[in-house]
Amino acid sequence: MSNHKEELENFMAPFREKFGHEKEFLQAVEEVAETVLPYIAKHPKYKEAKILERLAMPERAIIFRIPWVDDKGNFQINTGYRVQMNSAIGPYKGGMRFHPTVNLSVMKFLAFEQTLKNSLTSLPMGGGKGGADFDPRGKSDNEIMRFCQSLMTELFRHIGPDTDVPAGDIGVGAREVGFMYGQYKRLANEFTGVFTGKGINWGGSLIRPEATGFGAVYFTQEILKNVGDSIKGKTVAVSGFGNVAWGVAKKIDELGGKVVAISGPDGFVYDEKGITGKKVDYLLEMRASGRDKVQDYADKFGAVFHAGKKPWGLKVDIAMPCATQNEVDVADAKELIKNKVPYLVEVANMPTTLEAYKLLKAAGVVFAPGKAVNAGGVATSGLEMSQNSQRLSWSAKVVDEHLHDIMIEIHRSCVQYGYDKKEGKVDYVKGANIAGFVKVADAMIDQGHV
Ligand code: 2IT
């Protein structure tokens, strides 16, 4: 075993022993440790203070019962989570996910990624994540409301505008944030910025709905600019068709590129002419319908529907997975390599398996990690918090300009820590991990053994 490999194995061993069943969490830690350990070896102060070991241990994890009654009068129980990972640089910050796959491993992986991501934004936000193993599909508005209220009846005592500020994620949009915020306000008897992703007339920020997608495209723009290229004329395959995919499609269209694929649980749609103009907003309609079928797009606009398939077999310039973790596996990576897709830009959190990532890297595919690419979402949440503290709301132009500047700065940080002189190119995974790590690590050292 090489020195590097041995060091990684030594670092991972206690985590594997203790959390062997937490697959996603171990995957996220390993991906970070792989690039950060060599940096730590050159900066022993981080090793002595066991910073990476501490970073991978939540400051606090809350698991709680969520009892609720469905429309038929049946008693239902779900499990709720809030993982408060790290508060070295600010209050815990991160979304809430409602999905049947939610468990402690998924929550810990997301909270760990969130800590480094939030650090990259340059805004003062620590890392956290929460959610429940609740499936919003097929539930009535009343059921969603009762569920959100029951969840908040417990969660409210653990959060606060200067303590922990949740937001949306998969399965949690404006409706769910509204119901949770309403119950928080009632219990705490205060109107504060305790949530982001709020409605525009009760403290929300303009551009927050678009921010993750717009930010991802701004980051892609920087990757291309760095090699003297641009988005104009590029074809893009996207997975998912939710809020994030919509923001990506909207901005790519605006900048003269062409999103030719979207996907859903039923398969993917190939639209040779591109998802442009009115077709972009149809994505929102499709999501709001709750049908969860992208075939609806193909039927409406005469595009080609591929049942049960993922869009990674297409010959495109840029692949942008926007759906969920581990959606790009080894077989998909081989397809992308075969088709000579030059760029894989992760928009979801950890959409690529570790093995697939290694294949893509070895094949020379430019790979940008989610924690840098999708940081525009939480960055704009940070801007929402600033507006709430000021009791002001900024124009769309002001928020968008801040978002754009933040994404340019994140790209610059990735280049600073990830540029490889020998190879003459940027390792974005290394750059994002080290840049995110250094800020949190230095704050932890300043604050002593806490
Ligand atoms: O993964 C993420 O960064 C989010 N779901 C957004 C978190 C936030 O606090 O806006």
# chains A, B, ... in the order shown; residues from 1 in each chain; ligands from 1
$ closest_atom_pairs --of "chain A" --to "ligand 1" --cutoff "8 Å" --atoms "only C-alpha atoms and all ligand atoms" --output "CSV"
residue,atom,partner,partner_atom_place_in_ligand_line,distance
A:Lys93,CA,ligand 1,9 (O),5.2
A:Gly94,CA,ligand 1,9 (O),3.6
A:Gly95,CA,ligand 1,7 (C),4.1
A:Met96,CA,ligand 1,5 (N),7.0
A:Arg97,CA,ligand 1,5 (N),7.8
A:Leu110,CA,ligand 1,1 (O),7.2
A:Gln114,CA,ligand 1,3 (O),6.2
A:Lys117,CA,ligand 1,3 (O),7.4
A:Asn118,CA,ligand 1,3 (O),7.9
A:Lys129,CA,ligand 1,7 (C),8.0
A:Val165,CA,ligand 1,9 (O),7.0
A:Pro166,CA,ligand 1,9 (O),5.7
A:Ala167,CA,ligand 1,9 (O),4.6
A:Gly168,CA,ligand 1,5 (N),5.6
A:Asp169,CA,ligand 1,5 (N),4.1
A:Ile170,CA,ligand 1,5 (N),7.4
A:Thr196,CA,ligand 1,10 (O),6.3
A:Gly197,CA,ligand 1,10 (O),6.9
A:Thr212,CA,ligand 1,6 (C),8.0
A:Ala348,CA,ligand 1,1 (O),7.6
A:Asn349,CA,ligand 1,1 (O),6.4
A:Lys371,CA,ligand 1,3 (O),7.8
A:Asn374,CA,ligand 1,3 (O),6.6
A:Ala375,CA,ligand 1,3 (O),6.0
A:Gly376,CA,ligand 1,3 (O),7.9
A:Gly377,CA,ligand 1,6 (C),5.3
A:Val378,CA,ligand 1,10 (O),3.6
A:Ala379,CA,ligand 1,10 (O),7.1
A:Thr380,CA,ligand 1,10 (O),7.0
A:Ser381,CA,ligand 1,10 (O),4.7
A:Gly382,CA,ligand 1,10 (O),7.5
$ write_last_selection --atoms "N, CA and C atoms" --output "compact mmCIF listing (two decimals), in the first residue's frame"
# COMPACT_ATOMS: atom_id res chain seq x y z
N LYS A 93 -26.72 25.65 9.76
CA LYS A 93 -27.54 26.06 8.61
C LYS A 93 -27.60 24.92 7.63
N GLY A 94 -28.78 24.60 7.18
CA GLY A 94 -28.94 23.55 6.17
C GLY A 94 -30.38 23.12 6.08
N GLY A 95 -30.70 22.44 5.00
CA GLY A 95 -32.10 22.15 4.67
C GLY A 95 -32.72 21.02 5.46
N MET A 96 -34.01 20.84 5.22
CA MET A 96 -34.80 19.71 5.73
C MET A 96 -35.22 18.88 4.53
N ARG A 97 -35.04 17.57 4.61
CA ARG A 97 -35.42 16.67 3.52
C ARG A 97 -36.53 15.74 3.97
N LEU A 110 -25.13 14.56 4.67
CA LEU A 110 -25.54 15.88 4.17
C LEU A 110 -25.06 17.00 5.09
N GLN A 114 -22.53 19.90 4.13
CA GLN A 114 -23.06 21.25 4.31
C GLN A 114 -22.05 22.14 5.05
N LYS A 117 -19.46 23.15 2.56
CA LYS A 117 -20.12 23.99 1.54
C LYS A 117 -20.37 25.40 2.07
N ASN A 118 -20.93 25.45 3.29
CA ASN A 118 -21.26 26.75 3.87
C ASN A 118 -19.99 27.57 4.10
N LYS A 129 -28.25 19.67 9.06
CA LYS A 129 -29.21 19.10 8.10
C LYS A 129 -30.28 18.36 8.88
N VAL A 165 -30.77 27.37 11.62
CA VAL A 165 -31.71 27.93 10.65
C VAL A 165 -31.96 26.93 9.51
N PRO A 166 -33.05 26.16 9.58
CA PRO A 166 -33.34 25.20 8.51
C PRO A 166 -33.85 25.87 7.22
N ALA A 167 -34.03 25.06 6.19
CA ALA A 167 -34.52 25.52 4.88
C ALA A 167 -35.11 24.31 4.17
N GLY A 168 -35.34 24.43 2.87
CA GLY A 168 -35.88 23.31 2.11
C GLY A 168 -34.79 22.39 1.57
N ASP A 169 -35.22 21.27 1.04
CA ASP A 169 -34.37 20.32 0.32
C ASP A 169 -35.35 19.42 -0.44
N ILE A 170 -34.95 18.21 -0.78
CA ILE A 170 -35.86 17.31 -1.49
C ILE A 170 -37.15 17.13 -0.68
N THR A 196 -35.10 29.70 6.13
CA THR A 196 -34.96 30.39 4.84
C THR A 196 -35.74 29.61 3.79
N GLY A 197 -35.94 30.28 2.63
CA GLY A 197 -36.84 29.71 1.63
C GLY A 197 -38.28 30.09 1.96
N THR A 212 -30.01 27.87 -6.46
CA THR A 212 -29.14 26.69 -6.59
C THR A 212 -28.80 26.46 -8.06
N ALA A 348 -26.57 18.10 -7.55
CA ALA A 348 -27.14 17.50 -6.34
C ALA A 348 -26.01 17.30 -5.32
N ASN A 349 -26.36 16.89 -4.11
CA ASN A 349 -25.35 16.57 -3.11
C ASN A 349 -24.85 15.14 -3.32
N LYS A 371 -20.54 20.22 -3.51
CA LYS A 371 -20.43 21.17 -2.40
C LYS A 371 -19.96 22.54 -2.87
N ASN A 374 -23.24 23.60 -5.96
CA ASN A 374 -24.62 23.93 -5.53
C ASN A 374 -24.66 24.89 -4.34
N ALA A 375 -23.50 25.45 -3.98
CA ALA A 375 -23.43 26.32 -2.79
C ALA A 375 -24.21 27.63 -2.95
N GLY A 376 -24.60 27.95 -4.18
CA GLY A 376 -25.38 29.18 -4.41
C GLY A 376 -26.73 29.15 -3.71
N GLY A 377 -27.27 27.94 -3.49
CA GLY A 377 -28.56 27.81 -2.80
C GLY A 377 -28.44 28.30 -1.38
N VAL A 378 -27.54 27.69 -0.65
CA VAL A 378 -27.39 28.07 0.76
C VAL A 378 -26.80 29.48 0.89
N ALA A 379 -25.97 29.89 -0.08
CA ALA A 379 -25.42 31.25 -0.03
C ALA A 379 -26.57 32.26 -0.08
N THR A 380 -27.55 32.00 -0.93
CA THR A 380 -28.68 32.92 -1.03
C THR A 380 -29.57 32.82 0.21
N SER A 381 -29.58 31.65 0.87
CA SER A 381 -30.22 31.56 2.18
C SER A 381 -29.50 32.48 3.17
N GLY A 382 -28.18 32.52 3.08
CA GLY A 382 -27.39 33.43 3.93
C GLY A 382 -27.78 34.87 3.66
$ residues_around --residues "Phe64 of chain A" --least-positions-apart "2" --cutoff "7 Å" --atoms "only C-alpha atoms" --output "JSON, numbers by chain"
{"A": [62, 66, 79, 80, 81]}
$ write_last_selection --atoms "C-alpha atoms" --output "PDB file, in the first residue's frame"
ATOM      1  CA  ILE A  62     -31.485  14.941  17.540  1.00  0.00           C
ATOM      2  CA  ILE A  66     -43.372  12.584  14.673  1.00  0.00           C
ATOM      3  CA  THR A  79     -38.823   9.571  12.438  1.00  0.00           C
ATOM      4  CA  GLY A  80     -37.493  13.139  12.481  1.00  0.00           C
ATOM      5  CA  TYR A  81     -33.831  14.222  12.515  1.00  0.00           C
TER       6      TYR A  81
END
$ atom_distance --atom1 "atom CA of Gly436 of chain A" --atom2 "atom CA of Leu155 of chain A"
28.0 Å
$ select_by_dssp --residues "segment 177-415 of chain A" --states "strand (DSSP E or B)" --output "PyMOL selection string"
chain A and resi 235-238+258-264+267-270+304-307+318-320+328+343-345+352+366-368
$ residues_around --residues "Gly302 of chain A" --least-positions-apart "5" --cutoff "12 Å" --atoms "only C-alpha atoms" --output "PDB file with C-alpha atoms, in the first residue's frame"
ATOM      1  CA  VAL A 269     -36.799  12.857 -21.852  1.00  0.00           C
ATOM      2  CA  TYR A 270     -34.598  13.854 -24.796  1.00  0.00           C
ATOM      3  CA  ASP A 271     -35.596  17.166 -26.382  1.00  0.00           C
ATOM      4  CA  GLU A 272     -33.274  17.776 -29.309  1.00  0.00           C
ATOM      5  CA  LYS A 273     -34.531  21.364 -29.733  1.00  0.00           C
ATOM      6  CA  GLY A 274     -33.676  22.165 -26.126  1.00  0.00           C
ATOM      7  CA  ILE A 275     -35.724  23.059 -23.061  1.00  0.00           C
ATOM      8  CA  LYS A 279     -40.928  24.812 -21.822  1.00  0.00           C
ATOM      9  CA  GLN A 295     -43.233  11.538 -19.676  1.00  0.00           C
ATOM     10  CA  ASP A 296     -45.782  14.386 -19.375  1.00  0.00           C
ATOM     11  CA  TYR A 297     -43.168  16.734 -20.903  1.00  0.00           C
TER      12      TYR A 297
END
$ decode --residues "segment 185-323 of chain A" --atoms "C-alpha atoms" --output "compact mmCIF listing (two decimals), in the first residue's frame"
# COMPACT_ATOMS: atom_id res chain seq x y z
CA LYS A 185 -43.86 31.27 15.19
CA ARG A 186 -46.84 30.11 17.22
CA LEU A 187 -44.76 28.14 19.72
CA ALA A 188 -41.90 30.62 20.10
CA ASN A 189 -44.14 33.69 19.92
CA GLU A 190 -41.65 35.54 17.74
CA PHE A 191 -41.33 36.53 14.10
CA THR A 192 -37.70 35.93 13.17
CA GLY A 193 -35.58 34.61 10.32
CA VAL A 194 -35.51 31.08 11.76
CA PHE A 195 -36.11 29.51 8.34
CA THR A 196 -34.96 30.39 4.84
CA GLY A 197 -36.84 29.71 1.63
CA LYS A 198 -39.76 31.64 3.13
CA GLY A 199 -42.56 33.16 1.04
CA ILE A 200 -41.72 36.50 -0.51
CA ASN A 201 -44.30 38.47 1.49
CA TRP A 202 -43.23 37.09 4.88
CA GLY A 203 -39.46 37.50 4.90
CA GLY A 204 -38.32 35.39 1.94
CA SER A 205 -35.70 36.52 -0.54
CA LEU A 206 -36.08 37.12 -4.25
CA ILE A 207 -33.93 34.71 -6.34
CA ARG A 208 -33.87 32.05 -3.55
CA PRO A 209 -36.00 29.63 -5.65
CA GLU A 210 -33.63 30.03 -8.63
CA ALA A 211 -30.42 30.28 -6.61
CA THR A 212 -29.14 26.69 -6.59
CA GLY A 213 -29.61 26.30 -10.35
CA PHE A 214 -28.36 29.79 -11.25
CA GLY A 215 -25.35 29.40 -8.97
CA ALA A 216 -24.49 26.04 -10.54
CA VAL A 217 -24.52 27.61 -14.00
CA TYR A 218 -22.44 30.59 -12.82
CA PHE A 219 -19.89 28.09 -11.49
CA THR A 220 -19.93 26.18 -14.79
CA GLN A 221 -19.37 29.47 -16.58
CA GLU A 222 -16.21 30.00 -14.50
CA ILE A 223 -14.92 26.48 -15.24
CA LEU A 224 -15.30 27.15 -18.96
CA LYS A 225 -13.92 30.70 -18.76
CA ASN A 226 -10.84 29.30 -17.06
CA VAL A 227 -10.05 27.32 -20.23
CA GLY A 228 -11.07 30.09 -22.61
CA ASP A 229 -14.51 28.68 -23.40
CA SER A 230 -18.16 29.61 -22.70
CA ILE A 231 -21.66 28.13 -22.27
CA LYS A 232 -22.83 29.42 -25.65
CA GLY A 233 -23.72 26.52 -27.93
CA LYS A 234 -23.07 23.82 -25.31
CA THR A 235 -25.48 20.91 -24.91
CA VAL A 236 -26.35 19.87 -21.38
CA ALA A 237 -27.95 16.73 -19.92
CA VAL A 238 -29.70 17.29 -16.60
CA SER A 239 -31.25 14.75 -14.26
CA GLY A 240 -34.29 15.54 -12.16
CA PHE A 241 -37.00 18.05 -13.06
CA GLY A 242 -37.51 19.87 -9.75
CA ASN A 243 -36.60 23.30 -8.52
CA VAL A 244 -32.86 22.86 -9.09
CA ALA A 245 -33.16 21.45 -12.64
CA TRP A 246 -35.54 24.31 -13.45
CA GLY A 247 -33.02 26.97 -12.31
CA VAL A 248 -30.27 25.29 -14.34
CA ALA A 249 -32.45 25.10 -17.48
CA LYS A 250 -33.50 28.74 -17.13
CA LYS A 251 -29.96 30.08 -16.81
CA ILE A 252 -28.42 27.78 -19.46
CA ASP A 253 -31.14 28.94 -21.88
CA GLU A 254 -30.42 32.58 -21.01
CA LEU A 255 -26.70 32.12 -21.69
CA GLY A 256 -27.17 30.47 -25.08
CA GLY A 257 -26.64 26.84 -24.11
CA LYS A 258 -29.16 24.05 -24.57
CA VAL A 259 -30.50 21.62 -21.96
CA VAL A 260 -31.54 18.58 -24.01
CA ALA A 261 -32.50 16.13 -21.25
CA ILE A 262 -34.33 15.97 -17.94
CA SER A 263 -35.31 12.92 -15.93
CA GLY A 264 -37.75 11.61 -13.34
CA PRO A 265 -38.51 8.37 -11.52
CA ASP A 266 -40.18 7.09 -14.73
CA GLY A 267 -37.22 7.65 -17.12
CA PHE A 268 -35.68 10.50 -19.10
CA VAL A 269 -36.80 12.86 -21.85
CA TYR A 270 -34.60 13.85 -24.80
CA ASP A 271 -35.60 17.17 -26.38
CA GLU A 272 -33.27 17.78 -29.31
CA LYS A 273 -34.53 21.36 -29.73
CA GLY A 274 -33.68 22.16 -26.13
CA ILE A 275 -35.72 23.06 -23.06
CA THR A 276 -36.18 26.74 -23.82
CA GLY A 277 -38.66 29.56 -23.24
CA LYS A 278 -42.08 28.43 -22.00
CA LYS A 279 -40.93 24.81 -21.82
CA VAL A 280 -38.68 25.76 -18.89
CA ASP A 281 -41.58 26.88 -16.74
CA TYR A 282 -43.52 23.75 -17.61
CA LEU A 283 -41.03 21.96 -15.32
CA LEU A 284 -42.56 23.86 -12.39
CA GLU A 285 -46.08 22.93 -13.47
CA MET A 286 -45.05 19.31 -13.77
CA ARG A 287 -43.57 19.34 -10.25
CA ALA A 288 -46.63 21.08 -8.79
CA SER A 289 -48.92 18.44 -10.35
CA GLY A 290 -47.37 15.88 -7.97
CA ARG A 291 -47.54 13.20 -10.69
CA ASP A 292 -43.75 12.70 -10.69
CA LYS A 293 -43.73 11.72 -14.37
CA VAL A 294 -41.42 13.41 -16.94
CA GLN A 295 -43.23 11.54 -19.68
CA ASP A 296 -45.78 14.39 -19.38
CA TYR A 297 -43.17 16.73 -20.90
CA ALA A 298 -42.53 14.38 -23.83
CA ASP A 299 -46.28 14.04 -24.47
CA LYS A 300 -46.84 17.79 -24.38
CA PHE A 301 -43.91 18.94 -26.50
CA GLY A 302 -43.33 15.94 -28.77
CA ALA A 303 -39.94 15.00 -27.29
CA VAL A 304 -38.59 11.45 -26.99
CA PHE A 305 -39.27 9.53 -23.75
CA HIS A 306 -36.93 6.74 -22.64
CA ALA A 307 -38.75 4.69 -19.99
CA GLY A 308 -36.73 3.55 -16.98
CA LYS A 309 -33.44 5.03 -18.27
CA LYS A 310 -31.03 7.68 -17.00
CA PRO A 311 -29.75 10.48 -19.29
CA TRP A 312 -26.04 9.59 -18.94
CA GLY A 313 -25.79 7.70 -22.23
CA LEU A 314 -26.20 10.91 -24.28
CA LYS A 315 -23.42 12.59 -26.23
CA VAL A 316 -23.45 16.04 -24.64
CA ASP A 317 -20.90 18.67 -23.61
CA ILE A 318 -21.87 18.87 -19.95
CA ALA A 319 -23.58 16.37 -17.63
CA MET A 320 -25.30 17.98 -14.64
CA PRO A 321 -26.85 15.50 -12.17
CA CYS A 322 -29.46 17.50 -10.23
CA ALA A 323 -31.50 14.73 -8.56
